[in-house]
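Single-structure report; data block below.
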Amino acid sequence: DTEVTQTPKHLVMGMTNKKSLKCEQHMGHRAMYWYKQKAKKPPELMFVYSYEKLSINESVPSRFSPECPNSSLLNLHLHALQPEDSALYLCASSREGGWDQPQHFGDGTRLSIL
Amino acid sequence: AQSVTQLDSHVSVSEGTPVLLRCNYSSSYSPSLFWYVQHPNKGLQLLLKYTSAATLVKGINGFEAEFKKSETSFHLTKPSAHMSDAAEYFCVVSDLRAGGSYIPTFGRGTSLIVHP
């Protein structure tokens, strides 16, 4: 069982829809991450939250909007997505984001844009 | 910036034979290195990590890796492959960004295929 829980597991949406991805961890971690992963590729970092503040945005289009309501929750709000946004979206957390700290990953949300 | 190079996109072994997945890194300071495994339709799971302690690192499921500074390598090995080891493996280095954040930099991944 993974300690980082992502919902939903699958999501199909049209290009005009608004939806949200949710990520939850109860390990007391203070750094949380969103990644996008295409098939047969490594994860690509999108956003990093450190102590509930956005610390890194990897030039992600504004149709992706992250939110960290509290230290256990991370959301990714989606609006007006494009077909090329279809991918596996992974959430991860680490204790404080230090250089020696591994990340704990959820199993991801498989997103398909029609 | 730090980087990692996974030398093989695919490695094919027979069940019961040794596994070697190769990773080379570049780093301007003492690196922190990780190996993760990803099974189909799953997230990534940490196998092991190196953070400047012992150069031979033991991980889960019988995997181990040796940090060799002179060769800038961190190869992953297992004495005997099991069918359940078939998965994608990622070598990762921690990269320091402006502002003091450490961000993982991933290798391209190596797909391990295990034949019965």
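Chain identifiers are assigned as A, B, and so on, following the order in which chains appear in the structure tokens; residues are numbered from 1 within each chain, and ligands are numbered from 1 in order of appearance.
Residue list for chain B within 6 Å of chain A: Ser32, Lys42, Gly43, Leu44, Thr51, Ser94, Tyr102 and Arg108 of chain B, counting only C-alpha atoms.
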With C-alpha atoms kept, could you save the residues just selected as a PDB file, in the first residue's frame?
```pdb
ATOM      1  CA  SER B  32      22.806  12.256  -3.267  1.00  0.00           C
ATOM      2  CA  LYS B  42       2.064   2.254 -10.485  1.00  0.00           C
ATOM      3  CA  GLY B  43       3.975   5.068  -8.862  1.00  0.00           C
ATOM      4  CA  LEU B  44       7.700   5.006  -8.207  1.00  0.00           C
ATOM      5  CA  THR B  51      24.062   9.971   0.786  1.00  0.00           C
ATOM      6  CA  SER B  94      19.451  15.569  -6.230  1.00  0.00           C
ATOM      7  CA  TYR B 102      16.745  20.353  -4.039  1.00  0.00           C
ATOM      8  CA  ARG B 108      15.776   8.337 -18.915  1.00  0.00           C
TER       9      ARG B 108
END
```
All residues 10 Å or closer to stretch 65-69 of chain A, only C-alpha atoms, same chain fewer than 6 positions away omitted, as an NGL selection string: :A and (20-23 or 32-34 or 46-54 or 57 or 75-79)
Contact residues around B:Phe63 with only C-alpha atoms at 7 Å, ignoring same-chain residues under 6 positions, as a list in words: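 Returned residues: Leu76, Thr77 and Lys78 of chain B.
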Gap from atom CA of B:Lys58 to atom CA of B:Ser26 - Å, one decimal: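 Atom-to-atom, atom CA of B:Lys58 and atom CA of B:Ser26 are spaced 22.1 Å apart.
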Two-atom distance - atom CA of B:Lys69, atom CA of B:Tyr29 (Å):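 Distance reported for this atom pair: 11.1 Å.
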Expected answer as an MDAnalysis selection string: strand (DSSP E) residues in chain A: chainID A and resid 4:7 10:13 18:25 31:37 44:50 53:57 64:70 73:79 87:94 104:105 109:113
Point-to-point distance from atom CA of B:Leu56 to atom CA of B:Gly100, Å rounded to tenths: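 Between atom CA of B:Leu56 and atom CA of B:Gly100 the gap works out to 28.4 Å.
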Nearest to B:Ser73, chosen from B:Gln6, B:Thr105, B:Ser111, B:Thr17, with only C-alpha atoms counted in the distances: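 Of B:Gln6, B:Thr105, B:Ser111, B:Thr17, the one nearest B:Ser73 is B:Gln6, counting only C-alpha atoms.
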Helix (DSSP H, G or I) residues, from DSSP on the backbone, in chain B, as number ranges by chain: B: 60-62, 83-85
Best match for closeness to B:Val92 among B:Leu21, B:Leu33, B:Leu46, B:Leu112, counting only C-alpha atoms: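 Counting only C-alpha atoms, the residue closest to B:Val92 is B:Leu33.
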From B:His115, B:His39, B:His82, B:Arg22, residue lying nearest B:Lys68 [only C-alpha atoms]: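 With only C-alpha atoms as the atom set, the closest residue is B:Arg22.
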Residue among B:Tyr36, B:Tyr50, B:Ser27, B:Val57 lying closest to B:Phe90, counting only C-alpha atoms: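 The answer is B:Tyr36, which sits nearest to B:Phe90.
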Exercise: B:Glu88 partners within 6 Å, only C-alpha atoms, chain neighbours under 6 positions left out, as a list in words: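 Near B:Glu88, the qualifying residues are Val37, Gln38, Thr110 and Ser111 of chain B.
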Surrounding residues of A:Leu81 excluding itself and chain neighbours under 4 positions, 7 Å, only C-alpha atoms, as a list of chain:residue names: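 With the cut-off at 7 Å, the set is A:Met15, A:Arg63, A:Asp85.
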Residues near A:Glu84, cut-off 10 Å, only C-alpha atoms, skip fewer than 2 positions along chain, as JSON, numbers by chain: {"A": [38, 81, 82, 86, 87, 112, 113]}
